$ cat run-v3.pdb   # PDB, C-alpha atoms, pLDDT in the B column
MODEL        1
ATOM      1  CA  MET A   1      76.748 132.970 106.839  1.00 42.00           C
ATOM      2  CA  LYS A   2      76.913 129.178 106.466  1.00 38.00           C
ATOM      3  CA  SER A   3      73.728 127.113 106.428  1.00 38.00           C
ATOM      4  CA  THR A   4      73.094 124.741 109.361  1.00 37.00           C
ATOM      5  CA  ARG A   5      70.528 122.561 107.589  1.00 37.00           C
ATOM      6  CA  PRO A   6      70.926 118.784 107.971  1.00 38.00           C
ATOM      7  CA  MET A   7      72.783 116.968 105.156  1.00 37.00           C
ATOM      8  CA  ALA A   8      69.596 115.237 103.961  1.00 40.00           C
ATOM      9  CA  ALA A   9      68.028 118.594 103.165  1.00 41.00           C
ATOM     10  CA  THR A  10      71.017 119.791 101.132  1.00 40.00           C
ATOM     11  CA  ARG A  11      71.084 116.934  98.576  1.00 43.00           C
ATOM     12  CA  PRO A  12      68.228 116.502  96.076  1.00 45.00           C
ATOM     13  CA  GLY A  13      66.319 113.294  96.727  1.00 40.00           C
ATOM     14  CA  ALA A  14      68.103 112.553 100.009  1.00 37.00           C
ATOM     15  CA  LEU A  15      65.060 113.521 102.048  1.00 35.00           C
ATOM     16  CA  ALA A  16      62.829 111.203 100.000  1.00 36.00           C
ATOM     17  CA  LEU A  17      65.359 108.387 100.434  1.00 34.00           C
ATOM     18  CA  ALA A  18      65.482 108.965 104.201  1.00 37.00           C
ATOM     19  CA  ALA A  19      61.671 108.896 104.377  1.00 36.00           C
ATOM     20  CA  LEU A  20      61.565 105.647 102.398  1.00 33.00           C
ATOM     21  CA  ALA A  21      64.159 104.054 104.685  1.00 37.00           C
ATOM     22  CA  ALA A  22      62.219 105.148 107.783  1.00 37.00           C
ATOM     23  CA  SER A  23      58.943 103.750 106.456  1.00 35.00           C
ATOM     24  CA  MET A  24      60.647 100.457 105.534  1.00 35.00           C
ATOM     25  CA  SER A  25      62.111 100.080 109.019  1.00 35.00           C
ATOM     26  CA  LEU A  26      58.684 100.741 110.533  1.00 32.00           C
ATOM     27  CA  SER A  27      57.060  98.076 108.363  1.00 36.00           C
ATOM     28  CA  PHE A  28      59.777  95.578 109.306  1.00 39.00           C
ATOM     29  CA  ALA A  29      59.228  96.429 112.979  1.00 36.00           C
ATOM     30  CA  ALA A  30      55.472  95.872 112.583  1.00 37.00           C
ATOM     31  CA  SER A  31      56.103  92.472 110.991  1.00 46.00           C
ATOM     32  CA  ALA A  32      58.424  91.525 113.827  1.00 45.00           C
ATOM     33  CA  GLN A  33      55.753  92.419 116.389  1.00 46.00           C
ATOM     34  CA  GLU A  34      53.269  90.079 114.713  1.00 87.00           C
ATOM     35  CA  ALA A  35      55.632  87.090 114.884  1.00 95.00           C
ATOM     36  CA  ILE A  36      54.876  84.628 117.676  1.00 97.00           C
ATOM     37  CA  PRO A  37      57.925  82.714 118.968  1.00 97.00           C
ATOM     38  CA  ALA A  38      57.342  78.955 118.754  1.00 97.00           C
ATOM     39  CA  GLU A  39      58.002  78.726 122.496  1.00 97.00           C
ATOM     40  CA  HIS A  40      54.993  81.011 123.172  1.00 97.00           C
ATOM     41  CA  ALA A  41      52.560  79.684 120.551  1.00 97.00           C
ATOM     42  CA  VAL A  42      50.530  77.793 123.179  1.00 97.00           C
ATOM     43  CA  ARG A  43      49.449  81.190 124.564  1.00 97.00           C
ATOM     44  CA  PHE A  44      47.765  81.973 121.231  1.00 97.00           C
ATOM     45  CA  ILE A  45      45.654  78.820 120.818  1.00 97.00           C
ATOM     46  CA  GLY A  46      42.339  79.657 119.169  1.00 97.00           C
ATOM     47  CA  THR A  47      43.772  82.575 117.196  1.00 96.00           C
ATOM     48  CA  THR A  48      45.226  83.000 113.738  1.00 96.00           C
ATOM     49  CA  GLY A  49      48.845  84.038 113.707  1.00 96.00           C
ATOM     50  CA  MET A  50      52.359  83.625 112.422  1.00 97.00           C
ATOM     51  CA  VAL A  51      54.583  81.340 114.496  1.00 98.00           C
ATOM     52  CA  CYS A  52      58.332  81.645 113.923  1.00 97.00           C
ATOM     53  CA  GLY A  53      61.291  79.574 115.017  1.00 97.00           C
ATOM     54  CA  THR A  54      63.910  77.032 114.038  1.00 97.00           C
ATOM     55  CA  VAL A  55      62.744  73.659 112.719  1.00 97.00           C
ATOM     56  CA  GLU A  56      64.435  71.317 115.199  1.00 97.00           C
ATOM     57  CA  ARG A  57      63.249  68.062 113.643  1.00 97.00           C
ATOM     58  CA  THR A  58      61.023  66.816 110.836  1.00 97.00           C
ATOM     59  CA  ARG A  59      59.135  63.551 110.358  1.00 97.00           C
ATOM     60  CA  HIS A  60      57.245  62.186 107.373  1.00 96.00           C
ATOM     61  CA  ALA A  61      54.745  59.775 108.955  1.00 95.00           C
ATOM     62  CA  THR A  62      54.324  57.315 106.096  1.00 94.00           C
ATOM     63  CA  ASN A  63      52.496  54.788 108.304  1.00 94.00           C
ATOM     64  CA  THR A  64      49.937  57.332 109.544  1.00 93.00           C
ATOM     65  CA  GLU A  65      46.622  58.048 107.823  1.00 95.00           C
ATOM     66  CA  GLY A  66      47.087  60.880 105.327  1.00 94.00           C
ATOM     67  CA  GLU A  67      50.894  60.529 105.525  1.00 95.00           C
ATOM     68  CA  PRO A  68      51.480  63.926 107.166  1.00 97.00           C
ATOM     69  CA  THR A  69      54.851  65.572 107.622  1.00 97.00           C
ATOM     70  CA  PHE A  70      55.548  67.187 110.977  1.00 97.00           C
ATOM     71  CA  LEU A  71      57.869  70.129 111.607  1.00 98.00           C
ATOM     72  CA  TYR A  72      58.827  70.316 115.283  1.00 98.00           C
ATOM     73  CA  MET A  73      59.814  73.729 116.684  1.00 98.00           C
ATOM     74  CA  GLY A  74      60.297  75.433 120.047  1.00 96.00           C
ATOM     75  CA  GLY A  75      62.723  72.976 121.569  1.00 94.00           C
ATOM     76  CA  ASN A  76      64.084  69.521 120.920  1.00 91.00           C
ATOM     77  CA  PHE A  77      61.694  66.668 120.172  1.00 91.00           C
ATOM     78  CA  PRO A  78      59.878  65.307 122.165  1.00 92.00           C
ATOM     79  CA  ARG A  79      59.856  68.362 124.427  1.00 93.00           C
ATOM     80  CA  HIS A  80      59.024  70.803 121.631  1.00 96.00           C
ATOM     81  CA  THR A  81      56.285  73.414 122.088  1.00 96.00           C
ATOM     82  CA  PHE A  82      54.983  73.769 118.525  1.00 98.00           C
ATOM     83  CA  THR A  83      54.206  71.518 115.561  1.00 98.00           C
ATOM     84  CA  ALA A  84      53.375  72.357 111.963  1.00 98.00           C
ATOM     85  CA  ARG A  85      51.414  69.509 110.342  1.00 98.00           C
ATOM     86  CA  ILE A  86      51.631  69.257 106.559  1.00 98.00           C
ATOM     87  CA  PRO A  87      49.038  66.888 105.051  1.00 97.00           C
ATOM     88  CA  GLY A  88      50.411  64.296 102.643  1.00 96.00           C
ATOM     89  CA  SER A  89      48.006  65.585  99.999  1.00 96.00           C
ATOM     90  CA  ILE A  90      49.999  68.845  99.635  1.00 97.00           C
ATOM     91  CA  ARG A  91      53.523  67.484 100.240  1.00 94.00           C
ATOM     92  CA  GLY A  92      54.220  67.497  96.510  1.00 93.00           C
ATOM     93  CA  THR A  93      53.712  71.268  96.319  1.00 95.00           C
ATOM     94  CA  PHE A  94      56.807  71.903  98.461  1.00 93.00           C
ATOM     95  CA  THR A  95      60.098  72.628  96.756  1.00 89.00           C
ATOM     96  CA  PRO A  96      62.356  71.639  98.389  1.00 85.00           C
ATOM     97  CA  ALA A  97      60.766  68.807 100.393  1.00 92.00           C
ATOM     98  CA  PRO A  98      59.587  69.742 103.918  1.00 96.00           C
ATOM     99  CA  GLU A  99      62.317  67.573 105.491  1.00 95.00           C
ATOM    100  CA  GLU A 100      64.912  69.961 104.072  1.00 95.00           C
ATOM    101  CA  LEU A 101      63.591  72.684 106.398  1.00 96.00           C
ATOM    102  CA  ARG A 102      65.351  71.032 109.360  1.00 97.00           C
ATOM    103  CA  GLY A 103      67.709  73.566 110.937  1.00 96.00           C
ATOM    104  CA  GLN A 104      66.086  76.447 109.039  1.00 96.00           C
ATOM    105  CA  ASP A 105      64.363  79.472 110.577  1.00 96.00           C
ATOM    106  CA  VAL A 106      60.769  79.614 109.316  1.00 96.00           C
ATOM    107  CA  CYS A 107      57.482  81.406 109.953  1.00 97.00           C
ATOM    108  CA  ILE A 108      54.251  79.441 109.651  1.00 97.00           C
ATOM    109  CA  SER A 109      50.906  81.191 109.267  1.00 97.00           C
ATOM    110  CA  GLY A 110      47.506  79.760 110.108  1.00 97.00           C
ATOM    111  CA  SER A 111      45.021  78.880 112.799  1.00 97.00           C
ATOM    112  CA  ILE A 112      46.808  77.936 116.032  1.00 98.00           C
ATOM    113  CA  GLN A 113      45.154  74.932 117.662  1.00 98.00           C
ATOM    114  CA  ARG A 114      45.922  72.660 120.610  1.00 97.00           C
ATOM    115  CA  ASP A 115      47.527  69.247 120.098  1.00 92.00           C
ATOM    116  CA  ALA A 116      48.055  67.508 123.426  1.00 88.00           C
ATOM    117  CA  SER A 117      50.004  70.073 125.497  1.00 88.00           C
ATOM    118  CA  ARG A 118      51.422  71.810 122.423  1.00 96.00           C
ATOM    119  CA  ALA A 119      50.317  74.320 119.838  1.00 98.00           C
ATOM    120  CA  GLU A 120      49.870  73.243 116.226  1.00 98.00           C
ATOM    121  CA  ILE A 121      49.088  74.761 112.843  1.00 98.00           C
ATOM    122  CA  ALA A 122      47.622  72.512 110.171  1.00 97.00           C
ATOM    123  CA  VAL A 123      49.335  73.857 107.049  1.00 98.00           C
ATOM    124  CA  SER A 124      46.923  74.276 104.126  1.00 97.00           C
ATOM    125  CA  SER A 125      49.406  75.347 101.422  1.00 97.00           C
ATOM    126  CA  ALA A 126      53.123  75.716 100.821  1.00 96.00           C
ATOM    127  CA  ALA A 127      52.610  79.502 100.962  1.00 95.00           C
ATOM    128  CA  ASP A 128      51.840  79.170 104.710  1.00 96.00           C
ATOM    129  CA  ILE A 129      55.540  78.450 105.378  1.00 96.00           C
ATOM    130  CA  ARG A 130      58.208  81.057 104.702  1.00 94.00           C
ATOM    131  CA  LEU A 131      61.912  81.114 105.402  1.00 93.00           C
ATOM    132  CA  ALA A 132      62.798  83.744 107.995  1.00 91.00           C
ATOM    133  CA  ASN A 133      65.779  85.616 109.401  1.00 85.00           C
ATOM    134  CA  ILE A 134      65.427  85.223 113.151  1.00 76.00           C
ATOM    135  CA  ARG A 135      68.006  86.809 115.421  1.00 68.00           C
TER     136      ARG A 135
ENDMDL
END
$ encode --input "run-v3.pdb" --output "structure tokens"
Amino acid sequence: MKSTRPMAATRPGALALAALAASMSLSFAASAQEAIPAEHAVRFIGTTGMVCGTVERTRHATNTEGEPTFLYMGGNFPRHTFTARIPGSIRGTFTPAPEELRGQDVCISGSIQRDASRAEIAVSSAADIRLANIR
């Protein structure tokens, strides 16, 4: 009589590989659930989170105290819904420069605060900003 076991059980190591793949997909799903779309970041003011979206525009404010760089997300400037503020004091730690993030999908982690009618994260290190694959 022929066995009716699934293929994964008939090859050595296949079951372990299937389990690893399943656990990886679960961890990716958990990460995706934690991501806050830039358009919804205002709902999370007062919390710490990870805001993700496309950088629509950047601006290095050289004539402003502290010379911050702003990353505008969640719509076209000036109607964007989220801003990441990078202090001038840490600009040099970014490779490439923050302006090169324009058009890129990123996730920014930190304390979500209110700035006018928008949400904002004051970036404290280059590690707070990561490139992302947003679909």
$ resolve_selection --input "run-v3.pdb" --expression "the PyMOL selection byres ((chain A and resi 100) around 12)" --output "list in words"
Val55, Glu56, Arg57, Thr58, Arg59, His60, Thr69, Phe70, Leu71, Phe94, Thr95, Pro96, Ala97, Pro98, Glu99, Leu101, Arg102, Gly103, Gln104, Asp105, Val106 and Leu131 of chain A
$ write_last_selection --input "run-v3.pdb" --atoms "C-alpha atoms" --output "short mmCIF file (atom, residue, chain, number, x, y, z; two decimals), keeping the file's coordinate frame"
data_model
loop_
_atom_site.label_atom_id
_atom_site.label_comp_id
_atom_site.auth_asym_id
_atom_site.auth_seq_id
_atom_site.Cartn_x
_atom_site.Cartn_y
_atom_site.Cartn_z
CA VAL A 55 62.74 73.66 112.72
CA GLU A 56 64.44 71.32 115.20
CA ARG A 57 63.25 68.06 113.64
CA THR A 58 61.02 66.82 110.84
CA ARG A 59 59.14 63.55 110.36
CA HIS A 60 57.24 62.19 107.37
CA THR A 69 54.85 65.57 107.62
CA PHE A 70 55.55 67.19 110.98
CA LEU A 71 57.87 70.13 111.61
CA PHE A 94 56.81 71.90 98.46
CA THR A 95 60.10 72.63 96.76
CA PRO A 96 62.36 71.64 98.39
CA ALA A 97 60.77 68.81 100.39
CA PRO A 98 59.59 69.74 103.92
CA GLU A 99 62.32 67.57 105.49
CA LEU A 101 63.59 72.68 106.40
CA ARG A 102 65.35 71.03 109.36
CA GLY A 103 67.71 73.57 110.94
CA GLN A 104 66.09 76.45 109.04
CA ASP A 105 64.36 79.47 110.58
CA VAL A 106 60.77 79.61 109.32
CA LEU A 131 61.91 81.11 105.40
#
$ atom_distance --input "run-v3.pdb" --atom1 "atom CA of A:Glu34" --atom2 "atom CA of A:Pro87"
25.5 Å
$ closest_residue --input "run-v3.pdb" --among "A:Ile108, A:Gly46, A:Glu67, A:Pro78" --to "A:Ala122" --atoms "all atoms listed in the file"
A:Ile108
$ atom_distance --input "run-v3.pdb" --atom1 "atom CA of A:Ser125" --atom2 "atom CA of A:Arg91"
9.0 Å
$ residues_around --input "run-v3.pdb" --residues "A:Thr81" --least-positions-apart "2" --cutoff "7 Å" --atoms "all atoms listed in the file" --output "list of chain:residue names"
A:Ala38, A:Glu39, A:Met73, A:Gly74, A:Gly75, A:Arg79, A:Arg118, A:Ala119
$ resolve_selection --input "run-v3.pdb" --expression "the PyMOL selection byres ((chain A and resi 52) around 7)" --output "PyMOL selection string"
chain A and resi 35-38+50-51+53+106-108
$ atom_distance --input "run-v3.pdb" --atom1 "atom CA of A:Gly49" --atom2 "atom CA of A:Ala61"
25.4 Å
$ closest_residue --input "run-v3.pdb" --among "A:Gly92, A:Gly66, A:Gln113, A:Ala84" --to "A:Ile129" --atoms "all atoms listed in the file"
A:Ala84
